[in-house]
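Colleague: Okay, here's the structure, questions in a sec.
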Amino acid sequence: MRVSGTTPNLDARAQRPYLRAMALREILVVPHPVLKQVSKPVAVVDDALRVLMDDMLETMYEAPGIGLAAIQIGVAQRVIVMDLAREDEPKTPRYFVNPEIVWASDETLPYEEGCLSVPEYYDEVERPARVKLTYLNYQGEPVEEDAEGMFAVCIQHEMDHLDGVLFIDHLSRLKREQAIKKVKKLVRA
Ligand code: GNR
Ligand code: NI
């Protein structure tokens with residue numbers, strides 16, 4: 001029982017409002033029109049943007065997925081989060097602000113892709129096997145990096161989202177329509 005007259009510390013967050021819980025955000029699915037929007041470059045990497053990136057990461061882990069673009073939670077800014085670590089490995093969160101591909105290999109790599117915005121549909125997409133990209137990290141520092149394998153697949157998939165392009169847009173119209181039909185049915189259920 002409390003007997004002292006000191007301020008109760010029932011809610012540390014109420015006393016320290018700068019400590020904010022991360023928040024889960026809703027992931028938009030096809031055929032949501034916002035997914036077709038072209039996202040805008042980020043002007044400055046500040047605390048508000050880091051709050052967005054924290055929320056995106058938590059939403060991605062919960063889904064679960066290995067990458068998430070801001071437009072998938074309805075925010076048209078050029079921001080991506082990613083974690084390619086396996087479940088049994090320590091987390092390796094990564095953040096990409098205003099990413100640009102500055103080089104892509106002629107060699108391509110076919111890979112069976114999925115997308116949190118096209119749930120439960122998977123199909124093969126062929127993309128450059130290696131890319132060189134530039135971006136700003138969580139601290140807003142410029143980075144140049146080479147990507148190959150799963151990293152190359154995922155960053156290209158995510159960067160497509162920033163331009164309103166989904167992996168099913170790389171498939172035949174028939175397959176794309178089948179995928180959207182499947183998601184609509186799933187959403188109804
Ligand atoms: O979680 C995801 N898995 C995945 C698998 C193969 C190729 C790309 C991806 S990205 C996807 C998460 C997502 O939709 N990101 O936009
Ligand atoms: Ni996706």
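Order determines the names: the first chain of the structure tokens is A, the second B, and so forth; residues in each chain are numbered 1 upward, and ligands are numbered 1 upward as they are shown.
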Got a sec to check which residues lie within 9 Å of ligand 1, using only C-alpha atoms and all ligand atoms, and send them as number ranges by chain?
Modeller: A: 60, 63-70, 72, 80-82, 111-119, 122, 125, 150, 153-161, 166-167
Colleague: Could you please write out, as a PDB file with all heavy atoms, in the first residue's frame, every residue of segment 9-117 of chain A that DSSP assigns to helix (DSSP H, G or I)?
Modeller:
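selection-v2.pdb written:
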```
ATOM      1  N   ALA A  12       4.644   5.795 -16.120  1.00  0.00           N
ATOM      2  CA  ALA A  12       5.889   6.495 -16.431  1.00  0.00           C
ATOM      3  C   ALA A  12       5.750   7.326 -17.697  1.00  0.00           C
ATOM      4  O   ALA A  12       6.320   8.407 -17.815  1.00  0.00           O
ATOM      5  CB  ALA A  12       7.021   5.487 -16.598  1.00  0.00           C
ATOM      6  N   ARG A  13       4.919   6.826 -18.632  1.00  0.00           N
ATOM      7  CA  ARG A  13       4.793   7.532 -19.910  1.00  0.00           C
ATOM      8  C   ARG A  13       4.092   8.889 -19.754  1.00  0.00           C
ATOM      9  O   ARG A  13       4.387   9.841 -20.456  1.00  0.00           O
ATOM     10  CB  ARG A  13       4.044   6.654 -20.909  1.00  0.00           C
ATOM     11  CG  ARG A  13       4.404   6.939 -22.342  1.00  0.00           C
ATOM     12  CD  ARG A  13       3.867   5.839 -23.260  1.00  0.00           C
ATOM     13  NE  ARG A  13       4.375   4.525 -22.931  1.00  0.00           N
ATOM     14  CZ  ARG A  13       5.615   4.128 -23.185  1.00  0.00           C
ATOM     15  NH1 ARG A  13       6.480   4.930 -23.764  1.00  0.00           N
ATOM     16  NH2 ARG A  13       6.000   2.926 -22.862  1.00  0.00           N
ATOM     17  N   ALA A  14       3.144   8.935 -18.804  1.00  0.00           N
ATOM     18  CA  ALA A  14       2.433  10.192 -18.580  1.00  0.00           C
ATOM     19  C   ALA A  14       3.392  11.257 -18.046  1.00  0.00           C
ATOM     20  O   ALA A  14       3.265  12.437 -18.374  1.00  0.00           O
ATOM     21  CB  ALA A  14       1.286   9.972 -17.598  1.00  0.00           C
ATOM     22  N   GLN A  15       4.365  10.827 -17.248  1.00  0.00           N
ATOM     23  CA  GLN A  15       5.332  11.775 -16.698  1.00  0.00           C
ATOM     24  C   GLN A  15       6.452  12.081 -17.687  1.00  0.00           C
ATOM     25  O   GLN A  15       7.107  13.109 -17.583  1.00  0.00           O
ATOM     26  CB  GLN A  15       5.967  11.201 -15.423  1.00  0.00           C
ATOM     27  CG  GLN A  15       4.981  11.071 -14.293  1.00  0.00           C
ATOM     28  CD  GLN A  15       5.655  10.610 -13.017  1.00  0.00           C
ATOM     29  OE1 GLN A  15       6.875  10.681 -12.896  1.00  0.00           O
ATOM     30  NE2 GLN A  15       4.869  10.149 -12.079  1.00  0.00           N
ATOM     31  N   PRO A  33      -6.324   2.318 -53.900  1.00  0.00           N
ATOM     32  CA  PRO A  33      -5.725   3.249 -54.873  1.00  0.00           C
ATOM     33  C   PRO A  33      -4.456   3.949 -54.364  1.00  0.00           C
ATOM     34  O   PRO A  33      -3.617   4.339 -55.175  1.00  0.00           O
ATOM     35  CB  PRO A  33      -6.846   4.254 -55.153  1.00  0.00           C
ATOM     36  CG  PRO A  33      -7.820   4.103 -54.035  1.00  0.00           C
ATOM     37  CD  PRO A  33      -7.716   2.692 -53.555  1.00  0.00           C
ATOM     38  N   VAL A  34      -4.329   4.104 -53.046  1.00  0.00           N
ATOM     39  CA  VAL A  34      -3.145   4.789 -52.496  1.00  0.00           C
ATOM     40  C   VAL A  34      -1.852   4.032 -52.843  1.00  0.00           C
ATOM     41  O   VAL A  34      -0.788   4.633 -53.004  1.00  0.00           O
ATOM     42  CB  VAL A  34      -3.305   4.988 -50.963  1.00  0.00           C
ATOM     43  CG1 VAL A  34      -1.979   5.360 -50.303  1.00  0.00           C
ATOM     44  CG2 VAL A  34      -4.348   6.073 -50.687  1.00  0.00           C
ATOM     45  N   LEU A  35      -1.957   2.706 -53.008  1.00  0.00           N
ATOM     46  CA  LEU A  35      -0.762   1.909 -53.341  1.00  0.00           C
ATOM     47  C   LEU A  35      -0.184   2.279 -54.706  1.00  0.00           C
ATOM     48  O   LEU A  35       0.957   1.931 -55.012  1.00  0.00           O
ATOM     49  CB  LEU A  35      -1.101   0.409 -53.296  1.00  0.00           C
ATOM     50  CG  LEU A  35      -1.380  -0.165 -51.899  1.00  0.00           C
ATOM     51  CD1 LEU A  35      -1.972  -1.565 -52.005  1.00  0.00           C
ATOM     52  CD2 LEU A  35      -0.094  -0.188 -51.059  1.00  0.00           C
ATOM     53  N   LYS A  36      -0.987   2.978 -55.528  1.00  0.00           N
ATOM     54  CA  LYS A  36      -0.527   3.376 -56.869  1.00  0.00           C
ATOM     55  C   LYS A  36       0.149   4.751 -56.858  1.00  0.00           C
ATOM     56  O   LYS A  36       0.701   5.192 -57.875  1.00  0.00           O
ATOM     57  CB  LYS A  36      -1.708   3.407 -57.851  1.00  0.00           C
ATOM     58  CG  LYS A  36      -2.557   2.153 -57.850  1.00  0.00           C
ATOM     59  CD  LYS A  36      -2.583   1.468 -59.190  1.00  0.00           C
ATOM     60  CE  LYS A  36      -1.297   0.725 -59.467  1.00  0.00           C
ATOM     61  NZ  LYS A  36      -1.320  -0.111 -60.644  1.00  0.00           N
ATOM     62  N   ASP A  47      13.111  13.644 -35.916  1.00  0.00           N
ATOM     63  CA  ASP A  47      12.500  12.716 -34.960  1.00  0.00           C
ATOM     64  C   ASP A  47      11.129  12.232 -35.428  1.00  0.00           C
ATOM     65  O   ASP A  47      10.771  11.078 -35.200  1.00  0.00           O
ATOM     66  CB  ASP A  47      12.392  13.366 -33.575  1.00  0.00           C
ATOM     67  CG  ASP A  47      13.738  13.413 -32.857  1.00  0.00           C
ATOM     68  OD1 ASP A  47      14.673  12.707 -33.308  1.00  0.00           O
ATOM     69  OD2 ASP A  47      13.852  14.151 -31.857  1.00  0.00           O
ATOM     70  N   ALA A  48      10.373  13.117 -36.092  1.00  0.00           N
ATOM     71  CA  ALA A  48       9.053  12.710 -36.587  1.00  0.00           C
ATOM     72  C   ALA A  48       9.197  11.588 -37.608  1.00  0.00           C
ATOM     73  O   ALA A  48       8.404  10.633 -37.619  1.00  0.00           O
ATOM     74  CB  ALA A  48       8.327  13.904 -37.205  1.00  0.00           C
ATOM     75  N   LEU A  49      10.218  11.682 -38.456  1.00  0.00           N
ATOM     76  CA  LEU A  49      10.434  10.623 -39.448  1.00  0.00           C
ATOM     77  C   LEU A  49      10.888   9.335 -38.755  1.00  0.00           C
ATOM     78  O   LEU A  49      10.491   8.234 -39.153  1.00  0.00           O
ATOM     79  CB  LEU A  49      11.462  11.047 -40.504  1.00  0.00           C
ATOM     80  CG  LEU A  49      11.487  10.078 -41.696  1.00  0.00           C
ATOM     81  CD1 LEU A  49      10.342  10.358 -42.653  1.00  0.00           C
ATOM     82  CD2 LEU A  49      12.809  10.112 -42.433  1.00  0.00           C
ATOM     83  N   ARG A  50      11.720   9.479 -37.714  1.00  0.00           N
ATOM     84  CA  ARG A  50      12.163   8.280 -36.984  1.00  0.00           C
ATOM     85  C   ARG A  50      10.995   7.601 -36.272  1.00  0.00           C
ATOM     86  O   ARG A  50      10.952   6.364 -36.182  1.00  0.00           O
ATOM     87  CB  ARG A  50      13.305   8.645 -36.019  1.00  0.00           C
ATOM     88  CG  ARG A  50      14.644   8.824 -36.753  1.00  0.00           C
ATOM     89  CD  ARG A  50      15.814   9.068 -35.799  1.00  0.00           C
ATOM     90  NE  ARG A  50      15.884  10.460 -35.386  1.00  0.00           N
ATOM     91  CZ  ARG A  50      16.603  11.390 -36.033  1.00  0.00           C
ATOM     92  NH1 ARG A  50      17.323  11.070 -37.094  1.00  0.00           N
ATOM     93  NH2 ARG A  50      16.612  12.633 -35.600  1.00  0.00           N
ATOM     94  N   VAL A  51      10.007   8.370 -35.811  1.00  0.00           N
ATOM     95  CA  VAL A  51       8.787   7.778 -35.237  1.00  0.00           C
ATOM     96  C   VAL A  51       8.070   6.955 -36.301  1.00  0.00           C
ATOM     97  O   VAL A  51       7.646   5.822 -36.059  1.00  0.00           O
ATOM     98  CB  VAL A  51       7.853   8.886 -34.674  1.00  0.00           C
ATOM     99  CG1 VAL A  51       6.447   8.329 -34.418  1.00  0.00           C
ATOM    100  CG2 VAL A  51       8.431   9.469 -33.382  1.00  0.00           C
ATOM    101  N   LEU A  52       7.956   7.519 -37.516  1.00  0.00           N
ATOM    102  CA  LEU A  52       7.343   6.787 -38.628  1.00  0.00           C
ATOM    103  C   LEU A  52       8.115   5.494 -38.905  1.00  0.00           C
ATOM    104  O   LEU A  52       7.514   4.417 -39.052  1.00  0.00           O
ATOM    105  CB  LEU A  52       7.306   7.657 -39.894  1.00  0.00           C
ATOM    106  CG  LEU A  52       6.887   6.933 -41.183  1.00  0.00           C
ATOM    107  CD1 LEU A  52       5.411   6.531 -41.134  1.00  0.00           C
ATOM    108  CD2 LEU A  52       7.174   7.797 -42.416  1.00  0.00           C
ATOM    109  N   MET A  53       9.449   5.583 -38.958  1.00  0.00           N
ATOM    110  CA  MET A  53      10.266   4.399 -39.269  1.00  0.00           C
ATOM    111  C   MET A  53      10.141   3.346 -38.169  1.00  0.00           C
ATOM    112  O   MET A  53      10.079   2.144 -38.461  1.00  0.00           O
ATOM    113  CB  MET A  53      11.730   4.806 -39.488  1.00  0.00           C
ATOM    114  CG  MET A  53      11.917   5.645 -40.759  1.00  0.00           C
ATOM    115  SD  MET A  53      13.622   5.855 -41.299  1.00  0.00           S
ATOM    116  CE  MET A  53      14.224   7.073 -40.125  1.00  0.00           C
ATOM    117  N   ASP A  54      10.062   3.784 -36.893  1.00  0.00           N
ATOM    118  CA  ASP A  54       9.869   2.845 -35.779  1.00  0.00           C
ATOM    119  C   ASP A  54       8.525   2.119 -35.919  1.00  0.00           C
ATOM    120  O   ASP A  54       8.447   0.901 -35.739  1.00  0.00           O
ATOM    121  CB  ASP A  54       9.910   3.581 -34.435  1.00  0.00           C
ATOM    122  CG  ASP A  54      11.282   4.154 -34.096  1.00  0.00           C
ATOM    123  OD1 ASP A  54      12.276   3.782 -34.761  1.00  0.00           O
ATOM    124  OD2 ASP A  54      11.360   4.989 -33.157  1.00  0.00           O
ATOM    125  N   ASP A  55       7.479   2.881 -36.231  1.00  0.00           N
ATOM    126  CA  ASP A  55       6.141   2.284 -36.402  1.00  0.00           C
ATOM    127  C   ASP A  55       6.131   1.306 -37.574  1.00  0.00           C
ATOM    128  O   ASP A  55       5.528   0.229 -37.499  1.00  0.00           O
ATOM    129  CB  ASP A  55       5.096   3.375 -36.661  1.00  0.00           C
ATOM    130  CG  ASP A  55       4.776   4.183 -35.407  1.00  0.00           C
ATOM    131  OD1 ASP A  55       5.271   3.824 -34.320  1.00  0.00           O
ATOM    132  OD2 ASP A  55       4.028   5.175 -35.531  1.00  0.00           O
ATOM    133  N   MET A  56       6.800   1.691 -38.662  1.00  0.00           N
ATOM    134  CA  MET A  56       6.859   0.806 -39.838  1.00  0.00           C
ATOM    135  C   MET A  56       7.549  -0.500 -39.484  1.00  0.00           C
ATOM    136  O   MET A  56       7.110  -1.582 -39.881  1.00  0.00           O
ATOM    137  CB  MET A  56       7.608   1.495 -40.986  1.00  0.00           C
ATOM    138  CG  MET A  56       6.799   2.587 -41.682  1.00  0.00           C
ATOM    139  SD  MET A  56       7.798   3.509 -42.871  1.00  0.00           S
ATOM    140  CE  MET A  56       8.294   2.214 -44.008  1.00  0.00           C
ATOM    141  N   LEU A  57       8.666  -0.394 -38.730  1.00  0.00           N
ATOM    142  CA  LEU A  57       9.415  -1.605 -38.384  1.00  0.00           C
ATOM    143  C   LEU A  57       8.565  -2.533 -37.523  1.00  0.00           C
ATOM    144  O   LEU A  57       8.510  -3.747 -37.761  1.00  0.00           O
ATOM    145  CB  LEU A  57      10.713  -1.234 -37.650  1.00  0.00           C
ATOM    146  CG  LEU A  57      11.717  -2.375 -37.565  1.00  0.00           C
ATOM    147  CD1 LEU A  57      12.422  -2.588 -38.901  1.00  0.00           C
ATOM    148  CD2 LEU A  57      12.748  -2.118 -36.472  1.00  0.00           C
ATOM    149  N   GLU A  58       7.883  -1.964 -36.533  1.00  0.00           N
ATOM    150  CA  GLU A  58       7.046  -2.788 -35.659  1.00  0.00           C
ATOM    151  C   GLU A  58       5.920  -3.444 -36.463  1.00  0.00           C
ATOM    152  O   GLU A  58       5.616  -4.622 -36.279  1.00  0.00           O
ATOM    153  CB  GLU A  58       6.458  -1.952 -34.514  1.00  0.00           C
ATOM    154  CG  GLU A  58       5.903  -2.852 -33.421  1.00  0.00           C
ATOM    155  CD  GLU A  58       5.032  -2.122 -32.411  1.00  0.00           C
ATOM    156  OE1 GLU A  58       4.560  -1.009 -32.707  1.00  0.00           O
ATOM    157  OE2 GLU A  58       4.816  -2.691 -31.336  1.00  0.00           O
ATOM    158  N   THR A  59       5.323  -2.678 -37.363  1.00  0.00           N
ATOM    159  CA  THR A  59       4.237  -3.196 -38.208  1.00  0.00           C
ATOM    160  C   THR A  59       4.745  -4.327 -39.091  1.00  0.00           C
ATOM    161  O   THR A  59       4.086  -5.353 -39.261  1.00  0.00           O
ATOM    162  CB  THR A  59       3.656  -2.051 -39.067  1.00  0.00           C
ATOM    163  OG1 THR A  59       3.172  -1.016 -38.205  1.00  0.00           O
ATOM    164  CG2 THR A  59       2.524  -2.545 -39.968  1.00  0.00           C
ATOM    165  N   MET A  60       5.962  -4.150 -39.634  1.00  0.00           N
ATOM    166  CA  MET A  60       6.571  -5.171 -40.494  1.00  0.00           C
ATOM    167  C   MET A  60       6.848  -6.460 -39.701  1.00  0.00           C
ATOM    168  O   MET A  60       6.525  -7.555 -40.154  1.00  0.00           O
ATOM    169  CB  MET A  60       7.875  -4.634 -41.085  1.00  0.00           C
ATOM    170  CG  MET A  60       8.557  -5.600 -42.031  1.00  0.00           C
ATOM    171  SD  MET A  60      10.258  -5.106 -42.358  1.00  0.00           S
ATOM    172  CE  MET A  60      11.065  -5.719 -40.873  1.00  0.00           C
ATOM    173  N   TYR A  61       7.436  -6.321 -38.492  1.00  0.00           N
ATOM    174  CA  TYR A  61       7.740  -7.507 -37.675  1.00  0.00           C
ATOM    175  C   TYR A  61       6.451  -8.251 -37.311  1.00  0.00           C
ATOM    176  O   TYR A  61       6.412  -9.472 -37.283  1.00  0.00           O
ATOM    177  CB  TYR A  61       8.472  -7.098 -36.396  1.00  0.00           C
ATOM    178  CG  TYR A  61       9.943  -6.762 -36.565  1.00  0.00           C
ATOM    179  CD1 TYR A  61      10.514  -5.700 -35.862  1.00  0.00           C
ATOM    180  CD2 TYR A  61      10.773  -7.518 -37.403  1.00  0.00           C
ATOM    181  CE1 TYR A  61      11.869  -5.388 -35.990  1.00  0.00           C
ATOM    182  CE2 TYR A  61      12.109  -7.207 -37.543  1.00  0.00           C
ATOM    183  CZ  TYR A  61      12.663  -6.144 -36.833  1.00  0.00           C
ATOM    184  OH  TYR A  61      13.994  -5.847 -36.960  1.00  0.00           O
ATOM    185  N   GLU A  62       5.392  -7.493 -37.035  1.00  0.00           N
ATOM    186  CA  GLU A  62       4.151  -8.108 -36.575  1.00  0.00           C
ATOM    187  C   GLU A  62       3.446  -8.852 -37.697  1.00  0.00           C
ATOM    188  O   GLU A  62       2.737  -9.822 -37.453  1.00  0.00           O
ATOM    189  CB  GLU A  62       3.245  -7.017 -35.974  1.00  0.00           C
ATOM    190  CG  GLU A  62       2.147  -7.528 -35.058  1.00  0.00           C
ATOM    191  CD  GLU A  62       0.834  -7.741 -35.777  1.00  0.00           C
ATOM    192  OE1 GLU A  62       0.675  -7.249 -36.914  1.00  0.00           O
ATOM    193  OE2 GLU A  62      -0.041  -8.421 -35.217  1.00  0.00           O
ATOM    194  N   ALA A  70       6.660   2.899 -46.837  1.00  0.00           N
ATOM    195  CA  ALA A  70       5.721   3.755 -46.103  1.00  0.00           C
ATOM    196  C   ALA A  70       4.348   3.810 -46.768  1.00  0.00           C
ATOM    197  O   ALA A  70       3.318   3.870 -46.078  1.00  0.00           O
ATOM    198  CB  ALA A  70       6.308   5.160 -45.957  1.00  0.00           C
ATOM    199  N   ILE A  71       4.305   3.750 -48.097  1.00  0.00           N
ATOM    200  CA  ILE A  71       3.016   3.831 -48.796  1.00  0.00           C
ATOM    201  C   ILE A  71       2.114   2.668 -48.409  1.00  0.00           C
ATOM    202  O   ILE A  71       0.881   2.778 -48.485  1.00  0.00           O
ATOM    203  CB  ILE A  71       3.227   3.889 -50.339  1.00  0.00           C
ATOM    204  CG1 ILE A  71       1.971   4.400 -51.045  1.00  0.00           C
ATOM    205  CG2 ILE A  71       3.670   2.539 -50.894  1.00  0.00           C
ATOM    206  CD1 ILE A  71       1.584   5.815 -50.722  1.00  0.00           C
ATOM    207  N   GLN A  72       2.687   1.552 -47.959  1.00  0.00           N
ATOM    208  CA  GLN A  72       1.870   0.400 -47.561  1.00  0.00           C
ATOM    209  C   GLN A  72       1.069   0.679 -46.287  1.00  0.00           C
ATOM    210  O   GLN A  72       0.107  -0.034 -45.988  1.00  0.00           O
ATOM    211  CB  GLN A  72       2.732  -0.857 -47.377  1.00  0.00           C
ATOM    212  CG  GLN A  72       3.329  -1.358 -48.697  1.00  0.00           C
ATOM    213  CD  GLN A  72       4.178  -2.591 -48.512  1.00  0.00           C
ATOM    214  OE1 GLN A  72       5.362  -2.489 -48.208  1.00  0.00           O
ATOM    215  NE2 GLN A  72       3.569  -3.763 -48.669  1.00  0.00           N
ATOM    216  N   ILE A  73       1.478   1.722 -45.522  1.00  0.00           N
ATOM    217  CA  ILE A  73       0.649   2.158 -44.394  1.00  0.00           C
ATOM    218  C   ILE A  73       0.038   3.527 -44.709  1.00  0.00           C
ATOM    219  O   ILE A  73      -0.362   4.267 -43.810  1.00  0.00           O
ATOM    220  CB  ILE A  73       1.420   2.168 -43.053  1.00  0.00           C
ATOM    221  CG1 ILE A  73       2.648   3.079 -43.109  1.00  0.00           C
ATOM    222  CG2 ILE A  73       1.816   0.744 -42.664  1.00  0.00           C
ATOM    223  CD1 ILE A  73       3.203   3.433 -41.720  1.00  0.00           C
TER     224      ILE A  73
END
```
Colleague: Can you pull out the residues contacting Tyr138 of chain A? Cut-off 8 Å, using only C-alpha atoms, and skip same-chain residues under 5 positions away; I want them as JSON, numbers by chain.
Modeller: {"A": [45, 50, 95, 96, 97]}
Colleague: Let's have the selection written as a PDB file, in the first residue's frame, with all heavy atoms.
Modeller:
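So result04.pdb came out as:
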```pdb
ATOM      1  N   VAL A  45      15.589  14.161 -42.328  1.00  0.00           N
ATOM      2  CA  VAL A  45      15.429  13.017 -41.424  1.00  0.00           C
ATOM      3  C   VAL A  45      15.429  13.550 -39.995  1.00  0.00           C
ATOM      4  O   VAL A  45      16.482  13.866 -39.434  1.00  0.00           O
ATOM      5  CB  VAL A  45      16.557  11.977 -41.624  1.00  0.00           C
ATOM      6  CG1 VAL A  45      16.383  10.808 -40.660  1.00  0.00           C
ATOM      7  CG2 VAL A  45      16.570  11.481 -43.074  1.00  0.00           C
ATOM      8  N   ARG A  50      11.720   9.479 -37.714  1.00  0.00           N
ATOM      9  CA  ARG A  50      12.163   8.280 -36.984  1.00  0.00           C
ATOM     10  C   ARG A  50      10.995   7.601 -36.272  1.00  0.00           C
ATOM     11  O   ARG A  50      10.952   6.364 -36.182  1.00  0.00           O
ATOM     12  CB  ARG A  50      13.305   8.645 -36.019  1.00  0.00           C
ATOM     13  CG  ARG A  50      14.644   8.824 -36.753  1.00  0.00           C
ATOM     14  CD  ARG A  50      15.814   9.068 -35.799  1.00  0.00           C
ATOM     15  NE  ARG A  50      15.884  10.460 -35.386  1.00  0.00           N
ATOM     16  CZ  ARG A  50      16.603  11.390 -36.033  1.00  0.00           C
ATOM     17  NH1 ARG A  50      17.323  11.070 -37.094  1.00  0.00           N
ATOM     18  NH2 ARG A  50      16.612  12.633 -35.600  1.00  0.00           N
ATOM     19  N   TYR A  95      17.043   0.820 -42.405  1.00  0.00           N
ATOM     20  CA  TYR A  95      16.178   1.937 -42.775  1.00  0.00           C
ATOM     21  C   TYR A  95      16.753   2.597 -44.023  1.00  0.00           C
ATOM     22  O   TYR A  95      17.962   2.849 -44.091  1.00  0.00           O
ATOM     23  CB  TYR A  95      16.123   2.967 -41.648  1.00  0.00           C
ATOM     24  CG  TYR A  95      15.811   2.374 -40.286  1.00  0.00           C
ATOM     25  CD1 TYR A  95      16.832   1.843 -39.492  1.00  0.00           C
ATOM     26  CD2 TYR A  95      14.501   2.330 -39.806  1.00  0.00           C
ATOM     27  CE1 TYR A  95      16.556   1.292 -38.251  1.00  0.00           C
ATOM     28  CE2 TYR A  95      14.211   1.782 -38.569  1.00  0.00           C
ATOM     29  CZ  TYR A  95      15.247   1.264 -37.790  1.00  0.00           C
ATOM     30  OH  TYR A  95      14.975   0.714 -36.561  1.00  0.00           O
ATOM     31  N   PHE A  96      15.887   2.903 -44.984  1.00  0.00           N
ATOM     32  CA  PHE A  96      16.316   3.512 -46.251  1.00  0.00           C
ATOM     33  C   PHE A  96      15.429   4.720 -46.537  1.00  0.00           C
ATOM     34  O   PHE A  96      14.226   4.567 -46.748  1.00  0.00           O
ATOM     35  CB  PHE A  96      16.196   2.520 -47.400  1.00  0.00           C
ATOM     36  CG  PHE A  96      16.941   1.222 -47.167  1.00  0.00           C
ATOM     37  CD1 PHE A  96      16.340   0.178 -46.484  1.00  0.00           C
ATOM     38  CD2 PHE A  96      18.249   1.063 -47.632  1.00  0.00           C
ATOM     39  CE1 PHE A  96      17.019  -1.020 -46.262  1.00  0.00           C
ATOM     40  CE2 PHE A  96      18.932  -0.132 -47.412  1.00  0.00           C
ATOM     41  CZ  PHE A  96      18.319  -1.171 -46.732  1.00  0.00           C
ATOM     42  N   VAL A  97      16.030   5.894 -46.546  1.00  0.00           N
ATOM     43  CA  VAL A  97      15.297   7.122 -46.858  1.00  0.00           C
ATOM     44  C   VAL A  97      15.791   7.638 -48.208  1.00  0.00           C
ATOM     45  O   VAL A  97      17.010   7.689 -48.440  1.00  0.00           O
ATOM     46  CB  VAL A  97      15.517   8.184 -45.756  1.00  0.00           C
ATOM     47  CG1 VAL A  97      14.808   9.490 -46.104  1.00  0.00           C
ATOM     48  CG2 VAL A  97      15.053   7.658 -44.401  1.00  0.00           C
TER      49      VAL A  97
END
```
Colleague: What is the atom CA of Gly164 of chain A-atom CA of Gln37 of chain A distance in Å, reported with one decimal?
Modeller: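 About the pair atom CA of Gly164 of chain A and atom CA of Gln37 of chain A: they are 4.9 Å apart.
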